[in-house]
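The file model.csv comes next; it holds CSV, C-alpha atoms.
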chain,number,residue,atom,x,y,z
A,249,MET,CA,0.0,0.0,0.0
A,250,VAL,CA,1.1,3.5,-0.7
A,251,GLN,CA,0.3,6.4,1.5
A,252,PHE,CA,-1.5,9.2,-0.3
A,253,VAL,CA,-1.8,12.9,0.5
A,254,SER,CA,-4.7,14.5,-1.4
A,255,VAL,CA,-5.3,18.2,-1.9
A,256,SER,CA,-7.8,18.3,0.9
A,257,LYS,CA,-5.4,16.5,3.2
A,258,ILE,CA,-2.5,18.8,2.6
A,259,LEU,CA,-4.7,21.8,3.2
A,260,ASP,CA,-5.8,20.2,6.4
A,261,LEU,CA,-2.2,19.7,7.5
A,262,VAL,CA,-1.2,23.3,6.7
A,263,ASN,CA,-4.2,24.7,8.5
A,264,LYS,CA,-3.6,22.5,11.6
A,265,GLN,CA,0.1,23.3,11.8
A,266,GLY,CA,-0.2,27.0,10.7
A,267,ILE,CA,1.3,28.0,7.3
A,268,GLU,CA,4.2,29.9,8.9
A,269,THR,CA,5.1,26.9,11.0
A,270,VAL,CA,5.0,24.7,7.9
A,271,LEU,CA,7.1,27.1,5.9
A,272,LYS,CA,9.7,27.3,8.7
A,273,GLY,CA,9.8,23.6,9.0
A,274,MET,CA,10.1,23.0,5.2
A,275,THR,CA,12.9,25.6,5.1
A,276,GLU,CA,14.9,23.6,7.6
A,277,TYR,CA,14.3,20.4,5.5
A,278,VAL,CA,15.4,22.1,2.3
A,279,GLU,CA,18.5,23.5,4.1
A,280,GLU,CA,19.3,20.1,5.6
A,281,ASP,CA,19.3,18.5,2.1
A,282,TYR,CA,21.4,21.4,0.6
A,283,ARG,CA,24.0,20.6,3.3
A,284,ARG,CA,24.3,17.1,1.8
A,285,TRP,CA,23.9,18.2,-1.8
A,286,GLU,CA,26.9,16.1,-3.0
A,287,LEU,CA,25.1,12.9,-2.1
A,288,PHE,CA,22.2,13.4,-4.5
A,289,ASP,CA,21.8,12.3,-8.1
A,290,LYS,CA,21.5,15.5,-10.1
A,291,THR,CA,20.2,16.0,-13.6
A,292,PRO,CA,18.3,18.8,-15.4
A,293,ARG,CA,14.6,18.1,-15.5
A,294,VAL,CA,13.2,16.1,-18.4
A,295,ALA,CA,11.0,18.7,-20.3
A,296,SER,CA,8.5,18.3,-23.0
A,297,HIS,CA,7.9,21.8,-24.5
A,298,SER,CA,5.0,22.9,-26.6
A,299,LYS,CA,3.9,26.2,-28.0
A,300,VAL,CA,1.7,26.9,-25.0
A,301,GLY,CA,3.7,25.4,-22.1
A,302,VAL,CA,5.9,22.7,-20.7
A,303,ILE,CA,5.4,19.3,-18.9
A,304,GLU,CA,8.4,18.1,-16.9
A,305,LEU,CA,9.6,15.3,-14.8
A,306,MET,CA,12.1,16.1,-11.9
A,307,PRO,CA,13.9,13.0,-10.4
A,308,THR,CA,16.6,12.7,-7.8
A,309,SER,CA,17.9,10.3,-5.1
A,310,ASP,CA,20.1,10.5,-2.1
A,311,GLY,CA,20.9,6.7,-2.4
A,312,GLU,CA,18.3,5.7,0.2
A,313,LEU,CA,15.2,7.5,-1.1
A,314,TYR,CA,14.2,8.2,-4.7
A,315,SER,CA,11.7,11.0,-5.6
A,316,PHE,CA,10.2,12.5,-8.7
A,317,LYS,CA,7.8,15.2,-9.5
A,318,TYR,CA,5.5,15.6,-12.5
A,319,VAL,CA,4.8,19.3,-13.1
A,320,ASN,CA,3.5,21.5,-15.8
A,321,GLY,CA,3.8,25.2,-16.6
A,322,HIS,CA,1.2,26.8,-18.9
A,323,PRO,CA,0.9,30.6,-18.5
A,324,LYS,CA,-2.1,30.7,-20.8
A,325,ASN,CA,-4.2,28.6,-18.3
A,326,THR,CA,-5.0,31.7,-16.2
A,327,LYS,CA,-7.1,33.2,-18.9
A,328,GLU,CA,-9.0,29.9,-19.2
A,329,GLY,CA,-9.8,29.7,-15.5
A,330,LYS,CA,-7.1,27.1,-14.8
A,331,GLN,CA,-3.9,27.2,-12.8
A,332,THR,CA,-0.5,27.9,-14.5
A,333,VAL,CA,1.2,25.1,-12.5
A,334,THR,CA,-0.1,21.7,-11.3
A,335,ALA,CA,2.0,18.8,-9.9
A,336,PHE,CA,2.2,15.6,-8.0
A,337,GLY,CA,5.1,13.6,-6.7
A,338,MET,CA,6.3,10.3,-5.1
A,339,LEU,CA,8.9,8.9,-2.8
A,340,ALA,CA,10.3,5.4,-3.2
A,341,ASP,CA,12.6,3.1,-1.3
A,342,VAL,CA,15.9,2.6,-3.3
A,343,ASP,CA,16.6,-0.7,-1.7
A,344,THR,CA,13.4,-2.4,-3.0
A,345,GLY,CA,12.3,0.1,-5.7
A,346,TYR,CA,8.8,0.1,-4.0
A,347,PRO,CA,7.0,3.5,-4.0
A,348,PHE,CA,5.6,4.2,-0.5
A,349,PHE,CA,4.3,7.8,-0.6
A,350,LEU,CA,2.3,9.8,-3.2
A,351,SER,CA,1.3,13.4,-2.8
A,352,GLU,CA,-0.4,16.3,-4.5
A,353,MET,CA,2.3,18.9,-5.3
A,354,THR,CA,0.5,21.9,-6.6
A,355,VAL,CA,0.2,23.3,-3.1
A,356,LEU,CA,3.4,21.6,-2.0
A,357,THR,CA,5.4,23.1,-4.8
A,358,ALA,CA,4.2,26.6,-3.8
A,359,LEU,CA,5.3,25.9,-0.2
A,360,ARG,CA,8.8,24.5,-1.1
A,361,THR,CA,9.4,27.3,-3.7
A,362,ALA,CA,8.8,29.9,-1.0
A,363,ALA,CA,10.8,28.0,1.6
A,364,THR,CA,13.8,27.7,-0.8
A,365,SER,CA,13.6,31.4,-1.5
A,366,ALA,CA,13.6,32.3,2.2
A,367,MET,CA,16.5,29.9,2.9
A,368,ALA,CA,18.6,31.5,0.2
A,369,ALA,CA,17.8,35.0,1.4
A,370,ARG,CA,18.8,34.0,5.0
A,371,HIS,CA,22.3,33.4,3.7
A,372,LEU,CA,22.5,36.1,1.0
A,373,ALA,CA,20.4,39.2,2.0
A,374,ARG,CA,21.5,41.8,4.5
A,375,PRO,CA,20.7,40.5,8.0
A,376,ASN,CA,18.7,43.6,8.9
A,377,SER,CA,16.4,43.4,5.9
A,378,SER,CA,12.8,44.3,6.7
A,379,THR,CA,11.2,45.4,3.4
A,380,MET,CA,10.4,43.2,0.4
A,381,ALA,CA,9.0,44.2,-3.0
A,382,ILE,CA,7.1,41.5,-4.9
A,383,ILE,CA,6.8,42.1,-8.6
A,384,GLY,CA,4.1,39.7,-9.9
A,385,ASN,CA,1.3,39.1,-7.4
A,386,GLY,CA,-0.1,35.8,-8.8
A,387,ALA,CA,-0.4,32.4,-7.2
A,388,GLN,CA,3.0,32.3,-5.6
A,389,SER,CA,3.1,35.8,-4.0
A,390,GLU,CA,1.4,35.1,-0.7
A,391,PHE,CA,3.6,32.0,-0.1
A,392,GLN,CA,6.7,34.1,-0.7
A,393,ALA,CA,5.6,36.9,1.6
A,394,LEU,CA,4.7,34.5,4.5
A,395,ALA,CA,8.0,32.5,4.1
A,396,PHE,CA,10.1,35.6,4.3
A,397,LYS,CA,8.1,36.7,7.3
A,398,ALA,CA,8.5,33.4,9.1
A,399,VAL,CA,12.2,32.9,8.2
A,400,MET,CA,13.6,36.5,7.8
A,401,GLY,CA,11.2,38.6,9.8
A,402,ILE,CA,10.0,40.6,6.8
A,403,THR,CA,7.0,42.7,7.7
A,404,THR,CA,6.8,45.5,5.1
A,405,LEU,CA,5.6,44.5,1.6
A,406,ARG,CA,5.5,46.6,-1.6
A,407,LEU,CA,3.4,45.0,-4.3
A,408,PHE,CA,3.1,45.5,-8.0
A,409,ASP,CA,1.4,43.6,-10.8
A,410,VAL,CA,0.4,44.8,-14.3
A,411,ASP,CA,-3.0,43.4,-13.3
A,412,GLY,CA,-4.1,45.6,-10.4
A,413,GLU,CA,-6.7,43.0,-9.3
A,414,ALA,CA,-3.8,40.6,-8.6
A,415,SER,CA,-2.2,43.0,-6.2
A,416,GLU,CA,-5.6,43.6,-4.5
A,417,LYS,CA,-6.0,39.9,-4.1
A,418,CYS,CA,-2.6,39.5,-2.6
A,419,ALA,CA,-3.1,42.4,-0.2
A,420,THR,CA,-6.5,41.0,0.9
A,421,ASN,CA,-5.1,37.5,1.5
A,422,LEU,CA,-2.3,38.9,3.7
A,423,SER,CA,-4.3,41.7,5.4
A,424,ASP,CA,-4.5,39.9,8.7
A,425,ARG,CA,-1.0,38.4,8.7
A,426,GLY,CA,0.9,41.2,10.4
A,427,PHE,CA,2.2,43.0,7.3
A,428,ASN,CA,2.4,46.7,6.4
A,429,ILE,CA,1.4,46.5,2.7
A,430,THR,CA,1.6,49.1,0.0
A,431,ILE,CA,0.2,48.5,-3.5
A,432,CYS,CA,2.3,50.4,-6.0
A,433,ARG,CA,1.7,51.7,-9.5
A,434,SER,CA,5.0,50.5,-11.1
A,435,SER,CA,8.0,48.2,-10.6
A,436,GLU,CA,10.1,51.2,-9.9
A,437,GLU,CA,7.8,52.5,-7.2
A,438,ALA,CA,7.6,49.0,-5.6
A,439,ILE,CA,11.4,48.6,-5.3
A,440,ALA,CA,12.0,52.0,-3.7
A,441,GLY,CA,13.5,51.3,-0.3
A,442,ALA,CA,13.2,47.6,-0.6
A,443,ASP,CA,16.0,45.4,0.9
A,444,ILE,CA,14.8,42.3,-1.0
A,445,ILE,CA,13.2,42.2,-4.5
A,446,THR,CA,11.2,39.2,-5.5
A,447,THR,CA,10.3,38.9,-9.2
A,448,VAL,CA,7.7,36.2,-9.8
A,449,THR,CA,5.8,36.9,-13.0
A,450,ALA,CA,4.2,34.2,-15.2
A,451,ASP,CA,4.4,35.3,-18.9
A,452,LYS,CA,6.4,32.8,-20.9
A,453,GLN,CA,8.6,35.3,-22.7
A,454,ALA,CA,11.7,37.4,-22.3
A,455,ALA,CA,10.6,40.4,-20.3
A,456,THR,CA,12.3,43.2,-18.6
A,457,ILE,CA,10.7,43.5,-15.2
A,458,LEU,CA,13.7,45.4,-13.8
A,459,THR,CA,16.1,47.6,-15.6
A,460,ASP,CA,19.7,48.3,-14.5
A,461,ASN,CA,19.1,51.8,-13.3
A,462,MET,CA,16.4,50.7,-10.9
A,463,VAL,CA,18.6,48.4,-8.8
A,464,GLY,CA,20.8,50.0,-6.1
A,465,ALA,CA,23.7,48.6,-4.1
A,466,GLY,CA,23.1,46.2,-1.3
A,467,VAL,CA,19.8,44.6,-2.4
A,468,HIS,CA,19.1,40.9,-2.7
A,469,ILE,CA,17.1,39.9,-5.8
A,470,ASN,CA,15.0,36.7,-5.5
A,471,ALA,CA,14.4,36.0,-9.2
A,472,ILE,CA,12.0,33.0,-9.4
A,473,GLY,CA,9.8,33.9,-12.4
A,474,GLY,CA,12.3,32.9,-15.2
A,475,ASP,CA,12.0,29.1,-15.3
A,476,CYS,CA,12.2,27.9,-18.9
A,477,PRO,CA,14.1,28.7,-22.1
A,478,GLY,CA,13.3,32.1,-23.5
A,479,LYS,CA,11.7,33.4,-20.3
A,480,THR,CA,13.6,36.0,-18.3
A,481,GLU,CA,12.7,38.9,-16.0
A,482,LEU,CA,15.8,41.0,-15.5
A,483,HIS,CA,17.9,43.2,-17.8
A,484,LYS,CA,21.2,41.6,-18.7
A,485,ASP,CA,23.1,44.6,-17.1
A,486,ILE,CA,21.7,43.7,-13.7
A,487,LEU,CA,23.2,40.3,-14.0
A,488,LEU,CA,26.6,41.7,-15.0
A,489,ARG,CA,27.0,43.6,-11.7
A,490,SER,CA,25.5,41.0,-9.4
A,491,LYS,CA,26.9,38.1,-7.5
A,492,ILE,CA,24.8,35.3,-8.9
A,493,PHE,CA,23.8,32.1,-7.0
A,494,VAL,CA,22.1,29.2,-8.6
A,495,GLU,CA,20.7,25.7,-7.7
A,496,TYR,CA,22.2,23.6,-10.5
A,497,PRO,CA,24.2,25.5,-13.2
A,498,GLU,CA,23.5,22.9,-15.9
A,499,GLN,CA,19.8,23.6,-15.6
A,500,THR,CA,19.9,27.3,-14.7
A,501,ARG,CA,22.0,28.2,-17.8
A,502,ILE,CA,19.1,26.8,-19.9
A,503,GLU,CA,16.2,28.1,-18.0
A,504,GLY,CA,17.2,30.9,-15.7
A,505,GLU,CA,18.2,34.6,-16.0
A,506,ILE,CA,21.7,33.5,-16.8
A,507,GLN,CA,20.6,32.1,-20.1
A,508,GLN,CA,21.3,35.7,-21.3
A,509,LEU,CA,25.0,35.4,-20.4
A,510,ASP,CA,27.9,33.6,-21.8
A,511,ALA,CA,28.0,29.9,-21.0
A,512,ASP,CA,31.1,30.3,-18.9
A,513,HIS,CA,30.0,33.4,-16.9
A,514,PRO,CA,30.9,32.7,-13.3
A,515,VAL,CA,28.1,31.7,-10.9
A,516,THR,CA,28.1,30.2,-7.4
A,517,GLU,CA,26.1,27.1,-6.5
A,518,LEU,CA,24.0,27.9,-3.5
A,519,TRP,CA,24.9,24.7,-1.6
A,520,GLU,CA,28.5,25.9,-1.4
A,521,VAL,CA,27.3,28.9,0.6
A,522,ILE,CA,25.0,26.9,2.8
A,523,THR,CA,27.9,24.5,3.8
A,524,GLY,CA,30.3,27.4,4.3
A,525,ALA,CA,32.6,26.3,1.5
A,526,VAL,CA,32.3,29.8,-0.2
A,527,GLU,CA,31.3,33.2,0.9
A,528,GLY,CA,27.9,34.6,0.1
A,529,ARG,CA,27.4,38.4,0.6
A,530,SER,CA,30.4,40.5,1.0
A,531,PRO,CA,30.7,43.4,1.2
A,532,GLU,CA,27.5,45.1,2.4
A,533,ARG,CA,27.0,46.9,-0.9
A,534,ASP,CA,27.0,43.7,-3.0
A,535,ILE,CA,23.9,43.0,-5.2
A,536,THR,CA,23.2,39.3,-4.6
A,537,LEU,CA,20.9,37.5,-7.0
A,538,PHE,CA,19.4,34.1,-6.4
A,539,ASP,CA,18.5,32.9,-10.0
A,540,SER,CA,16.1,30.2,-9.0
A,541,VAL,CA,14.4,27.9,-11.5
A,542,GLY,CA,13.4,25.1,-9.0
A,543,PHE,CA,15.3,21.9,-8.6
A,544,ALA,CA,14.4,18.3,-7.9
A,545,ILE,CA,16.2,18.2,-4.5
A,546,GLU,CA,13.9,20.9,-3.2
A,547,ASP,CA,10.9,18.7,-4.2
A,548,PHE,CA,12.6,15.7,-2.4
A,549,SER,CA,12.8,17.9,0.7
A,550,GLY,CA,9.2,19.0,0.5
A,551,LEU,CA,8.0,15.4,0.1
A,552,ARG,CA,10.2,14.3,3.1
A,553,TYR,CA,8.7,17.0,5.2
A,554,ILE,CA,5.1,16.2,4.4
A,555,TYR,CA,5.8,12.4,4.8
A,556,ASP,CA,7.2,13.0,8.2
A,557,LEU,CA,4.1,15.0,9.1
A,558,VAL,CA,1.6,12.3,8.1
A,559,LYS,CA,3.3,9.0,8.6
A,560,GLN,CA,1.8,8.5,12.0
A,561,ASP,CA,-1.6,10.0,10.9
A,562,GLU,CA,-4.3,7.4,11.0
A,563,ASP,CA,-6.5,9.4,8.6
A,564,VAL,CA,-4.0,9.2,5.7
A,565,GLN,CA,-5.4,7.3,2.8
A,566,ASP,CA,-3.7,4.2,1.5
A,567,LEU,CA,-3.7,3.4,-2.2
A,568,GLU,CA,-3.4,-0.1,-3.6
A,569,MET,CA,-0.9,0.7,-6.3
A,570,ILE,CA,1.4,-2.3,-6.1
A,571,ALA,CA,0.3,-5.8,-7.1
A,572,GLU,CA,1.5,-8.2,-4.5
A,573,PRO,CA,0.8,-11.9,-5.3
A,574,ALA,CA,1.4,-14.4,-2.5
A,575,ASP,CA,4.1,-15.9,-4.8
A,576,PRO,CA,6.1,-13.0,-6.4
A,577,ARG,CA,6.7,-15.3,-9.4
A,578,ASN,CA,3.0,-15.8,-10.0
A,579,LEU,CA,1.7,-12.4,-11.0
A,580,PHE,CA,-0.7,-14.1,-13.4
A,581,GLY,CA,-2.3,-15.9,-10.5
A,582,LEU,CA,-3.8,-12.7,-9.2
A,583,LEU,CA,-6.1,-12.6,-12.2
A,584,GLY,CA,-7.9,-15.7,-10.9
A,585,VAL,CA,-8.1,-17.2,-14.4
A,586,LYS,CA,-8.8,-20.9,-14.3
A,587,GLN,CA,-7.0,-23.2,-16.7
A,588,ALA,CA,-9.1,-24.1,-19.7
A,589,ALA,CA,-10.5,-27.6,-19.6
A,590,GLU,CA,-8.6,-30.0,-21.8

Output the file's structure as structure tokens, nothing else.
Amino acid sequence: MVQFVSVSKILDLVNKQGIETVLKGMTEYVEEDYRRWELFDKTPRVASHSKVGVIELMPTSDGELYSFKYVNGHPKNTKEGKQTVTAFGMLADVDTGYPFFLSEMTVLTALRTAATSAMAARHLARPNSSTMAIIGNGAQSEFQALAFKAVMGITTLRLFDVDGEASEKCATNLSDRGFNITICRSSEEAIAGADIITTVTADKQAATILTDNMVGAGVHINAIGGDCPGKTELHKDILLRSKIFVEYPEQTRIEGEIQQLDADHPVTELWEVITGAVEGRSPERDITLFDSVGFAIEDFSGLRYIYDLVKQDEDVQDLEMIAEPADPRNLFGLLGVKQAAE
């Protein structure tokens, strides 16, 4: 039997625990796995691109557990009343190859993305950061805000979206969460005075959400909207004067902001900062940029976290996904087909 976490179950878990508690806990799981990054199998995600979106598989293993996530990205879906991103994922035992845990990952991906962003900022942003601008106020924006509050203590938000209703939605959803929120009329207005800038737009195109003259010294940029070939958010000149940190260079050079740069442009892998192998921010006036496209190890961490939350839960549903004949050599016998009479 395989334990299954449905959408309703994960919502129940988050509400019982409290979303900020969940985000803090998931941040610690993600950081724990970053600290043992070298143990994992690593490969760019397997992507099937179409004119309207992408469907991807994201596998990894630490040698004991194996995980994968199925995820899509279809920006056009919003106009059709559907979500841009949907996902599910699984954990399996490497020793037997048996899957043992299946979970929805649409909500879980939003949680782990926000947790990863906050973890990176904890190591890269100025320690006294208190104000964050969020450019793009769609489905991920509230998760980002709450993760940065839970992990970094961010309490002042400056919001901008080309769709004013999206900003109003975000502000309403966060109105009772302890934030001081300003809805802004432009990206430039939003980033004024911000210590951290999060760009999280959805259009599948090369865009310029921020231009070079808008970004001052000392800020941390959390660039998470560019996540496929041809889709970027930042002007190239911002990259050229930033210290750039990535998850997995082989994937980020194809999908991230750095696809605009030469293939040998220097970047730092985030796990090296987490383990203390290399320095993150130095000096204070550095512009640090986390060019995040999402990586399978973060999904592994998210699945581990949720599994640990529910493995003792008697209300978790079990799915009969594995055929288990009494004699492993006699799978056909499960069919109960009698031999034809001679």

Please report, as a tab-separated table, each residue of stretch 341-441 of chain A lying at most 12 Å from stretch 279-283 of chain A, together with the nearest pair of atoms and the separation in Å rounded to one decimal; use all atoms listed in the file, and order rows by chain and ascending residue number.
residue	atom	partner	partner_atom	distance
A:Arg360	CA	A:Glu279	CA	11.1
A:Ala363	CA	A:Glu279	CA	9.3
A:Thr364	CA	A:Glu279	CA	8.0
A:Ser365	CA	A:Glu279	CA	10.9
A:Ala366	CA	A:Glu279	CA	10.2
A:Met367	CA	A:Glu279	CA	6.8
A:Ala368	CA	A:Glu279	CA	8.9
A:Ala369	CA	A:Glu279	CA	11.8
A:Arg370	CA	A:Glu279	CA	10.5
A:His371	CA	A:Glu279	CA	10.6

Using all atoms listed in the file, which residues of stretch 360-402 of chain A come within 9 Å of stretch 257-268 of chain A, and what is the closest atom pair for each, with the distance in Å to one decimal? Give it as JSON lines, sorted by chain and residue number.
{"residue": "A:Phe391", "atom": "CA", "partner": "A:Ile267", "partner_atom": "CA", "distance": 8.7}
{"residue": "A:Leu394", "atom": "CA", "partner": "A:Glu268", "partner_atom": "CA", "distance": 6.4}
{"residue": "A:Ala395", "atom": "CA", "partner": "A:Glu268", "partner_atom": "CA", "distance": 6.7}
{"residue": "A:Lys397", "atom": "CA", "partner": "A:Glu268", "partner_atom": "CA", "distance": 8.0}
{"residue": "A:Ala398", "atom": "CA", "partner": "A:Glu268", "partner_atom": "CA", "distance": 5.5}
{"residue": "A:Val399", "atom": "CA", "partner": "A:Glu268", "partner_atom": "CA", "distance": 8.6}

Proximity check stretch 272-391 of chain A to stretch 526-545 of chain A, 10 Å, nearest pairs one decimal Å, only C-alpha atoms, as a Markdown table:
| residue | atom | partner | partner_atom | distance |
| --- | --- | --- | --- | --- |
| A:Val278 | CA | A:Ile545 | CA | 7.9 |
| A:Asp281 | CA | A:Ile545 | CA | 7.3 |
| A:Tyr282 | CA | A:Ile545 | CA | 8.0 |
| A:Trp285 | CA | A:Ile545 | CA | 8.2 |
| A:Phe288 | CA | A:Ile545 | CA | 7.7 |
| A:Asp289 | CA | A:Ile545 | CA | 8.9 |
| A:Lys290 | CA | A:Ala544 | CA | 7.9 |
| A:Thr291 | CA | A:Ala544 | CA | 8.5 |
| A:Pro292 | CA | A:Phe543 | CA | 8.1 |
| A:Arg293 | CA | A:Ala544 | CA | 7.6 |
| A:Leu305 | CA | A:Ala544 | CA | 8.9 |
| A:Met306 | CA | A:Ala544 | CA | 5.1 |
| A:Pro307 | CA | A:Ala544 | CA | 5.9 |
| A:Thr308 | CA | A:Ala544 | CA | 6.0 |
| A:Ser309 | CA | A:Ile545 | CA | 8.1 |
| A:Asp310 | CA | A:Ile545 | CA | 9.0 |
| A:Ser315 | CA | A:Ala544 | CA | 8.1 |
| A:Phe316 | CA | A:Ala544 | CA | 7.2 |
| A:Lys317 | CA | A:Ala544 | CA | 7.5 |
| A:Thr357 | CA | A:Gly542 | CA | 9.3 |
| A:Arg360 | CA | A:Gly542 | CA | 9.2 |
| A:Thr361 | CA | A:Gly542 | CA | 7.0 |
| A:Thr364 | CA | A:Gly542 | CA | 8.6 |
| A:Ser365 | CA | A:Ser540 | CA | 8.0 |
| A:Ala368 | CA | A:Phe538 | CA | 7.1 |
| A:Ala369 | CA | A:Phe538 | CA | 8.0 |
| A:His371 | CA | A:Gly528 | CA | 6.8 |
| A:Leu372 | CA | A:Arg529 | CA | 5.4 |
| A:Ala373 | CA | A:Thr536 | CA | 7.2 |
| A:Arg374 | CA | A:Glu532 | CA | 7.2 |
| A:Pro375 | CA | A:Glu532 | CA | 9.9 |

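What separates atom CA of A:Gln251 from atom CA of A:Asp341 is a distance of 13.0 Å.
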
query: Any idea what's packed within 8 Å of A:Ser378, counting all atoms listed in the file, ignoring anything in its chain fewer than 6 positions away? Could you give it as a VMD selection string?
result: chain A and resid 400 to 404 443

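If all atoms listed in the file are the atoms counted, then among A:Ala438, A:Val342, A:Leu567, A:Leu356 the closest residue to A:Leu458 is A:Ala438.
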
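We find atom CA of A:Phe408 and atom CA of A:Arg433 to be spaced 6.5 Å apart.
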
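Ranking A:Phe427, A:Phe348, A:Phe580, A:Tyr318 by their shortest atom-to-atom distance to A:Met380, with all atoms listed in the file included, puts A:Phe427 first.
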
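Residues lying within 10 Å of A:Asn461, counting only C-alpha atoms and ignoring same-chain neighbours fewer than 2 positions away, are Glu436, Leu458, Thr459, Val463, Gly464, His483, Asp485 and Ile486 of chain A.
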
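Considering all atoms listed in the file, the residue among A:Gly321, A:Pro347, A:Pro573, A:Gly466 positioned nearest to A:Ala450 is A:Gly321.
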
task: Point out the residue among A:Ala455, A:Ile382, A:Val250, A:Val467 with the least atom-to-atom distance to A:Ala419, counting all atoms listed in the file.
output: A:Ile382

- prompt: atom CA of A:Gly301 and atom CA of A:Ala414, how far apart in Å?
  reply: 21.7 Å

Pull the neighbourhood of (-6.1, 2.3, -5.4) for me: all residues within 10 Å in file coordinates, counting all atoms listed in the file, as a compact mmCIF listing (two decimals) with C-alpha atoms, in the frame of the given file.
# COMPACT_ATOMS: atom_id res chain seq x y z
CA MET A 249 0.00 0.00 0.00
CA VAL A 250 1.10 3.50 -0.70
CA PHE A 252 -1.50 9.20 -0.30
CA GLN A 565 -5.40 7.30 2.80
CA ASP A 566 -3.70 4.20 1.50
CA LEU A 567 -3.70 3.40 -2.20
CA GLU A 568 -3.40 -0.10 -3.60
CA MET A 569 -0.90 0.70 -6.30
CA ILE A 570 1.40 -2.30 -6.10

- prompt: Smallest atom-to-atom distance to A:Tyr277: which of A:Thr332, A:Ser549, A:Gln560, A:Gln388, using all atoms listed in the file?
  reply: A:Ser549

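The closest residue to A:Ala358, picked from A:Glu286, A:Glu328, A:Asp411, A:Asp547 and counting only C-alpha atoms, is A:Asp547.
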